[in-house]
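Dumped input.cif below, it's mmCIF, C-alpha atoms:
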data_coords
loop_
_atom_site.label_atom_id
_atom_site.label_comp_id
_atom_site.auth_asym_id
_atom_site.auth_seq_id
_atom_site.Cartn_x
_atom_site.Cartn_y
_atom_site.Cartn_z
CA MET S 1 6.32 4.72 -24.19
CA LEU S 2 2.82 3.34 -23.70
CA MET S 3 0.85 4.26 -26.81
CA VAL S 4 -2.70 4.68 -25.52
CA ASN S 5 -4.87 7.36 -27.13
CA LEU S 6 -6.66 8.66 -24.05
CA PRO S 7 -7.62 12.14 -22.85
CA GLN S 8 -5.58 13.35 -19.88
CA PRO S 9 -7.48 12.92 -16.58
CA THR S 10 -7.15 15.32 -13.68
CA VAL S 11 -5.20 14.42 -10.56
CA ASN S 12 -7.66 14.61 -7.66
CA LYS S 13 -6.45 14.15 -4.12
CA PRO S 14 -9.19 12.34 -2.17
CA ALA S 15 -9.98 13.53 1.33
CA PRO S 16 -8.34 11.79 4.30
CA THR S 17 -11.77 10.30 5.02
CA SER S 18 -11.96 8.57 1.62
CA VAL S 19 -12.01 4.79 1.23
CA GLY S 20 -10.98 2.62 -1.73
CA VAL S 21 -10.73 -1.02 -2.75
CA GLY S 22 -8.37 -2.92 -5.01
CA LEU S 23 -9.48 -3.01 -8.65
CA LYS S 24 -9.86 -6.57 -9.96
CA PRO S 25 -10.66 -7.64 -13.55
CA VAL S 26 -13.52 -9.85 -12.36
CA HIS S 27 -15.30 -6.69 -11.17
CA TYR S 28 -14.68 -4.38 -14.17
CA ARG S 29 -18.04 -4.85 -15.84
CA GLU S 30 -20.05 -4.65 -12.61
CA ILE S 31 -18.30 -1.43 -11.63
CA LEU S 32 -19.19 0.23 -14.92
CA GLU S 33 -22.77 -1.06 -14.86
CA THR S 34 -23.58 -0.26 -11.23
CA ALA S 35 -21.31 2.72 -10.34
CA PRO S 36 -20.67 1.55 -6.76
CA ASP S 37 -20.33 4.02 -3.91
CA ILE S 38 -16.56 3.93 -3.46
CA ASP S 39 -14.13 6.84 -3.55
CA TRP S 40 -11.24 5.32 -5.50
CA PHE S 41 -9.56 2.15 -6.72
CA GLU S 42 -6.00 0.93 -6.37
CA ILE S 43 -4.07 -0.95 -9.06
CA HIS S 44 -0.66 -2.61 -9.34
CA PRO S 45 0.76 -0.61 -12.26
CA GLU S 46 2.99 -3.51 -13.33
CA ASN S 47 -0.20 -5.21 -14.53
CA PHE S 48 -0.69 -2.44 -17.11
CA MET S 49 2.83 -1.95 -18.49
CA PHE S 50 1.97 -2.84 -22.07
CA GLU S 51 0.49 -1.08 -25.08
CA GLY S 52 -3.26 -0.94 -25.55
CA GLY S 53 -5.57 -3.92 -25.16
CA PRO S 54 -8.78 -4.64 -23.25
CA SER S 55 -7.30 -3.98 -19.80
CA HIS S 56 -6.43 -0.40 -20.73
CA THR S 57 -9.87 0.06 -22.26
CA TRP S 58 -11.58 -1.05 -19.03
CA LEU S 59 -9.22 0.96 -16.83
CA HIS S 60 -9.71 4.11 -18.89
CA GLN S 61 -13.48 3.81 -18.61
CA ILE S 62 -13.33 3.30 -14.84
CA ARG S 63 -10.88 6.19 -14.50
CA GLN S 64 -13.49 8.54 -15.95
CA SER S 65 -15.59 8.11 -12.78
CA TYR S 66 -13.10 7.16 -10.06
CA ASP S 67 -9.71 8.26 -8.80
CA LEU S 68 -6.80 5.81 -8.81
CA SER S 69 -3.80 5.01 -6.69
CA PHE S 70 -0.74 3.12 -7.98
CA HIS S 71 0.69 0.51 -5.61
CA SER S 72 3.86 -0.88 -7.19
CA VAL S 73 5.32 -4.27 -6.36
CA ALA S 74 8.48 -4.28 -8.48
CA MET S 75 10.64 -1.22 -7.79
CA SER S 76 12.71 -3.40 -5.40
CA LEU S 77 13.67 -0.35 -3.37
CA GLY S 78 15.80 -2.39 -0.98
CA SER S 79 18.05 -3.99 -3.60
CA VAL S 80 21.73 -3.10 -3.66
CA THR S 81 21.30 -2.85 -7.42
CA ALA S 82 19.92 0.61 -8.17
CA VAL S 83 16.26 0.94 -9.11
CA ASP S 84 15.87 0.22 -12.80
CA LEU S 85 15.42 3.44 -14.80
CA ILE S 86 13.50 1.64 -17.56
CA HIS S 87 10.97 0.41 -15.01
CA LEU S 88 10.68 3.91 -13.55
CA GLN S 89 10.12 5.34 -17.03
CA LYS S 90 7.28 2.87 -17.60
CA LEU S 91 5.77 3.92 -14.28
CA SER S 92 6.12 7.57 -15.27
CA ASP S 93 4.45 6.93 -18.64
CA LEU S 94 1.56 5.12 -16.98
CA ARG S 95 1.25 7.88 -14.37
CA ASP S 96 0.98 10.46 -17.15
CA ILE S 97 -1.90 8.49 -18.70
CA TYR S 98 -3.97 7.78 -15.59
CA ALA S 99 -2.94 10.52 -13.11
CA PRO S 100 -3.04 8.56 -9.83
CA PHE S 101 -3.25 10.60 -6.64
CA ILE S 102 -0.71 8.36 -4.86
CA MET S 103 2.23 6.24 -5.98
CA SER S 104 3.67 3.72 -3.55
CA ASP S 105 5.86 0.65 -3.12
CA HIS S 106 7.34 -1.42 -0.28
CA VAL S 107 10.19 -1.49 2.22
CA SER S 108 11.53 -4.69 0.67
CA TRP S 109 13.66 -6.13 -2.11
CA SER S 110 12.98 -8.60 -4.92
CA LEU S 111 15.81 -8.13 -7.44
CA ALA S 112 19.34 -9.54 -7.22
CA ASN S 113 21.95 -9.96 -9.96
CA GLY S 114 19.33 -9.40 -12.62
CA ASP S 115 17.01 -12.09 -11.28
CA PHE S 116 13.53 -11.04 -10.16
CA LEU S 117 12.10 -12.98 -7.22
CA ASN S 118 8.32 -13.16 -7.00
CA ASP S 119 8.15 -12.00 -3.41
CA LEU S 120 8.63 -8.91 -1.24
CA LEU S 121 11.64 -9.90 0.85
CA PRO S 122 12.58 -8.28 4.19
CA LEU S 123 15.56 -6.09 4.98
CA PRO S 124 17.74 -6.01 8.09
CA TYR S 125 17.27 -2.62 9.71
CA THR S 126 20.89 -1.52 9.57
CA ASP S 127 22.66 1.69 8.60
CA GLU S 128 23.73 0.01 5.35
CA SER S 129 20.16 -0.98 4.46
CA LEU S 130 18.94 2.51 5.31
CA SER S 131 21.52 4.02 2.98
CA VAL S 132 20.64 1.66 0.09
CA LEU S 133 16.89 2.15 0.54
CA ALA S 134 17.22 5.93 0.80
CA GLN S 135 19.34 6.12 -2.36
CA ASN S 136 16.79 4.07 -4.30
CA ILE S 137 13.86 6.11 -3.01
CA ASP S 138 15.69 9.30 -3.97
CA ARG S 139 16.31 7.85 -7.43
CA ALA S 140 12.65 6.91 -7.82
CA GLN S 141 11.33 10.24 -6.56
CA THR S 142 13.71 12.14 -8.84
CA GLN S 143 12.78 10.10 -11.92
CA LEU S 144 9.05 10.29 -11.16
CA ASP S 145 9.33 13.94 -10.08
CA GLN S 146 7.10 13.38 -7.07
CA PRO S 147 7.25 11.86 -3.58
CA ILE S 148 6.23 8.24 -3.12
CA LEU S 149 4.87 6.30 -0.15
CA VAL S 150 6.60 3.18 1.18
CA GLU S 151 4.76 0.41 3.01
CA ASN S 152 5.82 -1.26 6.25
CA PRO S 153 6.31 -4.99 5.60
CA SER S 154 4.87 -8.16 7.04
CA THR S 155 7.74 -10.37 8.26
CA TYR S 156 8.20 -13.91 9.49
CA LEU S 157 11.78 -13.79 10.77
CA GLN S 158 14.00 -11.34 12.62
CA PHE S 159 17.61 -10.60 11.80
CA ALA S 160 20.26 -11.21 14.45
CA GLN S 161 21.96 -7.85 13.98
CA GLN S 162 20.01 -4.62 13.52
CA ASP S 163 20.75 -0.97 14.24
CA TYR S 164 17.08 0.09 14.43
CA ASP S 165 13.72 -1.30 15.27
CA GLU S 166 11.11 -0.79 12.56
CA PRO S 167 9.47 2.45 13.78
CA ASP S 168 12.87 4.14 14.17
CA PHE S 169 13.98 2.82 10.76
CA LEU S 170 10.86 4.21 9.09
CA SER S 171 11.30 7.55 10.84
CA ALA S 172 14.93 7.78 9.70
CA LEU S 173 13.88 6.90 6.15
CA VAL S 174 11.21 9.61 6.07
CA ASN S 175 13.62 12.19 7.46
CA ARG S 176 16.34 11.30 4.98
CA THR S 177 14.25 11.10 1.79
CA GLY S 178 11.08 13.11 2.35
CA CYS S 179 9.02 10.09 1.30
CA GLY S 180 5.68 9.30 2.91
CA LEU S 181 4.41 6.15 4.58
CA LEU S 182 1.75 3.72 3.51
CA LEU S 183 0.74 2.33 6.89
CA ASP S 184 -0.46 -1.25 6.60
CA ILE S 185 -2.16 -1.93 9.93
CA ASN S 186 -2.66 -5.60 9.11
CA ASN S 187 1.09 -5.94 8.51
CA ALA S 188 1.80 -4.29 11.84
CA TYR S 189 -0.56 -6.69 13.61
CA VAL S 190 0.83 -9.78 11.81
CA CYS S 191 4.40 -8.81 12.74
CA ALA S 192 3.41 -8.06 16.33
CA ARG S 193 1.83 -11.48 16.78
CA ASN S 194 4.65 -13.29 14.99
CA HIS S 195 7.46 -11.53 16.88
CA GLY S 196 5.85 -10.87 20.24
CA PHE S 197 5.48 -7.09 20.53
CA ASP S 198 2.56 -4.76 21.19
CA PRO S 199 1.01 -3.57 17.88
CA TRP S 200 -0.47 -0.43 19.44
CA HIS S 201 2.90 0.57 20.86
CA TYR S 202 4.31 0.12 17.35
CA LEU S 203 1.61 2.33 15.84
CA GLN S 204 2.22 5.01 18.45
CA ARG S 205 5.88 5.31 17.43
CA ILE S 206 5.65 5.68 13.67
CA PRO S 207 5.87 9.21 12.15
CA HIS S 208 2.13 9.91 11.85
CA THR S 209 2.45 13.12 9.84
CA ALA S 210 4.11 11.09 7.06
CA VAL S 211 1.20 8.63 6.71
CA GLY S 212 -0.41 9.26 3.33
CA GLU S 213 -2.48 6.09 3.03
CA ILE S 214 -3.63 3.17 5.19
CA HIS S 215 -4.04 -0.44 4.09
CA LEU S 216 -6.32 -3.00 5.73
CA ALA S 217 -6.36 -6.67 4.74
CA GLY S 218 -7.07 -10.15 5.99
CA HIS S 219 -4.51 -12.72 7.09
CA SER S 220 -4.42 -16.43 7.79
CA VAL S 221 -3.16 -18.39 10.80
CA THR S 222 -1.16 -21.60 10.47
CA ASP S 223 0.73 -23.91 12.79
CA VAL S 224 4.49 -24.30 12.33
CA GLU S 225 5.92 -26.97 14.63
CA GLY S 226 3.52 -26.04 17.38
CA THR S 227 3.92 -22.29 16.97
CA GLU S 228 1.14 -20.09 15.61
CA LEU S 229 2.23 -18.12 12.56
CA ARG S 230 0.17 -15.38 10.92
CA ILE S 231 0.50 -14.98 7.15
CA ASP S 232 -0.33 -11.76 5.34
CA ASP S 233 -2.15 -13.40 2.44
CA HIS S 234 -4.86 -10.82 1.60
CA GLY S 235 -7.28 -13.69 1.18
CA SER S 236 -10.05 -12.98 3.69
CA ALA S 237 -11.96 -10.28 5.54
CA VAL S 238 -10.14 -7.90 7.87
CA SER S 239 -9.86 -9.45 11.33
CA ASN S 240 -11.62 -7.96 14.37
CA GLU S 241 -8.25 -7.26 15.99
CA VAL S 242 -7.09 -5.23 12.97
CA TRP S 243 -10.40 -3.34 12.87
CA ASP S 244 -9.91 -2.46 16.54
CA LEU S 245 -6.40 -1.16 15.87
CA TYR S 246 -7.61 0.83 12.88
CA GLY S 247 -10.47 2.42 14.83
CA ARG S 248 -8.11 3.34 17.64
CA TYR S 249 -5.55 4.75 15.21
CA VAL S 250 -7.94 7.05 13.31
CA LEU S 251 -9.48 8.20 16.59
CA THR S 252 -6.05 9.06 18.02
CA TYR S 253 -4.18 10.37 14.98
CA GLY S 254 -6.86 11.12 12.41
CA PRO S 255 -7.83 9.34 9.18
CA ALA S 256 -5.91 8.89 5.94
CA PRO S 257 -7.19 7.52 2.61
CA THR S 258 -7.86 3.87 3.43
CA LEU S 259 -7.74 0.83 1.14
CA ILE S 260 -9.29 -2.59 1.59
CA GLU S 261 -6.82 -5.10 0.09
CA TRP S 262 -8.13 -8.49 -1.02
CA ASP S 263 -5.86 -10.16 -3.58
CA ALA S 264 -6.54 -13.90 -3.15
CA ASN S 265 -9.85 -15.78 -2.97
CA ILE S 266 -11.36 -12.62 -4.42
CA PRO S 267 -14.98 -12.24 -3.29
CA ALA S 268 -17.99 -10.55 -4.86
CA LEU S 269 -17.70 -6.80 -5.23
CA SER S 270 -20.46 -6.40 -2.64
CA VAL S 271 -18.22 -8.05 -0.04
CA LEU S 272 -15.39 -5.61 -0.74
CA LEU S 273 -17.80 -2.68 -0.54
CA ALA S 274 -19.12 -3.95 2.80
CA GLU S 275 -15.56 -4.00 4.16
CA ALA S 276 -15.05 -0.47 2.83
CA ASN S 277 -18.23 0.65 4.63
CA LYS S 278 -16.83 -0.68 7.92
CA ALA S 279 -13.82 1.60 7.44
CA ARG S 280 -16.13 4.52 6.61
CA GLU S 281 -18.15 3.93 9.77
CA LEU S 282 -15.03 3.95 11.95
CA ILE S 283 -13.77 7.12 10.26
CA THR S 284 -17.15 8.81 10.71
CA SER S 285 -17.24 7.82 14.37
CA ALA S 286 -13.70 9.10 14.98
CA VAL S 287 -14.40 12.42 13.24
CA LYS S 288 -17.59 12.89 15.26
CA VAL S 289 -15.77 12.26 18.55
CA THR S 290 -13.10 14.76 17.55
CA GLU S 291 -15.68 17.39 16.61
CA ASP S 292 -17.59 16.85 19.86
CA CYS S 293 -14.40 17.39 21.81
#
Take the structure in the file and give it back as structure tokens.
Amino acid sequence: MLMVNLPQPTVNKPAPTSVGVGLKPVHYREILETAPDIDWFEIHPENFMFEGGPSHTWLHQIRQSYDLSFHSVAMSLGSVTAVDLIHLQKLSDLRDIYAPFIMSDHVSWSLANGDFLNDLLPLPYTDESLSVLAQNIDRAQTQLDQPILVENPSTYLQFAQQDYDEPDFLSALVNRTGCGLLLDINNAYVCARNHGFDPWHYLQRIPHTAVGEIHLAGHSVTDVEGTELRIDDHGSAVSNEVWDLYGRYVLTYGPAPTLIEWDANIPALSVLLAEANKARELITSAVKVTEDC
């Protein structure tokens, strides 16, 4: 149990039009001193699974003014080994302290035979993988006593044998578990360019009513033996192509709480806020068009 003597905050569910940014230690003091115009912050809860200390003090102070989302990176929902109940209990304890409005993780695996791999590894989209992933999501949702969101991955290879393409796999997963989706539009674009499919066609086929959050991030482009490869590195501004897909998506299917992810080469807070304002402008434009219609 995390022993942090804090008053219990209220769970507030931000509007679909809300926008957040990732919370980084380098920005803690500036956030408290300037109270930036942002709706919420997202954290990786694994970074706070310890008792007390300065990080909890900062996070508690920020939580008094802003809502939080928890984006986990270590449930390893795709591992054949069942989700670790001790890890889920730590997540539950942290949730009880900070009351995030969303809890999420990834369609991936990172744990095998007790060894944790520092990456979010892809799954073949087979009936067997679907069964394993669904069982682990059920286990997590039961232990946490709430639904979670799962994020579509960025991938750099394709498996030779699959029973589903990704949109159908995600739809089957939602239907089987009742989980929601964290739609990462940058991931969809990276995969589309790496594997040669239409990203808009992909976005049209996902189960839109299950989308509880949207992620936007930057990516890099590298050359691998003469072939262009896009890497989801969260180390730069959102690309124009991803902004175009995002604007089209919210215009067509409506907005969801949207996060700007920037986890490497972290810029000034003002840069993150400027990216968040771009998302706000696209949401505002889409809502206005809808109302005018």
ask   = Which of these residues is nearest to S:Glu261, using only C-alpha atoms: S:Val107, S:Val238, S:Val73, S:Cys191?
value =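 That would be S:Val238, the residue with the smallest distance to S:Glu261.
Of the residues listed (S:Thr10, S:Gln204, S:Gln64, S:Ser154), S:Gln204 shows the shortest atom-to-atom separation from S:Pro167; distances use only C-alpha atoms.
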key: Result set of the PyMOL selection byres ((chain S and resi 282) around 9) on the coordinates above, as a PyMOL selection string   = chain S and resi 243+246-248+250-251+277-281+283-287
key: Residue with smallest distance to S:His71 - pool S:Ser131, S:Ser55, S:Ser104, S:Ser236, counting only C-alpha atoms   =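 Of the candidates, the smallest distance to S:His71 is held by S:Ser104.
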message = Evaluate the PyMOL selection byres ((chain S and resi 44) around 8) against this structure - the residues, as a list in words, please.
response = Glu42, Ile43, Pro45, Glu46, Asn47, Phe48, Phe70, His71, Ser72 and Val73 of chain S
note = Closest of S:Asp39, S:Glu241, S:Asp232, S:Asp292 to S:Phe101, counting all atoms listed in the file, is S:Asp39
How close does stretch 63-89 of chain S get to stretch 13-20 of chain S? List, as JSON lines, each residue of stretch 63-89 of chain S within 10 Å, its nearest atom pair and the distance in Å to one decimal, counting all atoms listed in the file.
{"residue": "S:Tyr66", "atom": "CA", "partner": "S:Gly20", "partner_atom": "CA", "distance": 9.7}
{"residue": "S:Asp67", "atom": "CA", "partner": "S:Pro14", "partner_atom": "CA", "distance": 7.8}
{"residue": "S:Leu68", "atom": "CA", "partner": "S:Gly20", "partner_atom": "CA", "distance": 8.8}
{"residue": "S:Ser69", "atom": "CA", "partner": "S:Gly20", "partner_atom": "CA", "distance": 9.0}
ask   = For this file, the PyMOL selection byres ((chain S and resi 271) around 12) selects which residues, as a PyMOL selection string?
value = chain S and resi 21+27+36+236-238+260-262+265-270+272-278
inquiry  = Here is a test: counting all atoms listed in the file, which residue of S:Ser108, S:Asn152, S:Arg139, S:Glu166 is nearest to S:Thr126?
reply    =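 Of S:Ser108, S:Asn152, S:Arg139, S:Glu166, the one nearest S:Thr126, counting all atoms listed in the file, is S:Glu166.
Residue nearest S:Ala256, chosen from S:Val242, S:Val11, S:Leu182, S:Val174 and counting all atoms listed in the file: S:Leu182.
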request  = Using atom CA of S:Thr209 and atom CA of S:Tyr253 as the two end points, give the distance in Å to one decimal.
outcome  = 8.8 Å
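Neighbours of S:Asp84 closer than or equal to 10 Å, with all atoms listed in the file counted and sequence neighbours fewer than 5 positions away skipped, come out as Ala74, Met75, Ser76, Leu77, Gln89, Leu111, Asn136, Arg139 and Ala140 of chain S.
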query = So how far away is atom CA of S:Met103 from atom CA of S:Leu91, in Å?
reply =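 Between atom CA of S:Leu91 and atom CA of S:Met103 the gap works out to 9.3 Å.
Relative to atom CA of S:Leu170, atom CA of S:Leu130 is found at 9.1 Å.
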Put a box with edges along x, y and z around all the listed atoms of stretch 14-27 of chain S, pad it by 3 Å on each side, then give me its centre and sizes in Å, one decimal, as JSON.
{"center_x": -11.8, "center_y": 1.8, "center_z": -4.3, "size_x": 13.0, "size_y": 29.4, "size_z": 24.6}
key: Residue contacts of S:Asp127 (10 Å, only C-alpha atoms) excluding same-chain residues fewer than 2 positions away, as a PyMOL selection string   = chain S and resi 124-125+129-133+162-164+169+172
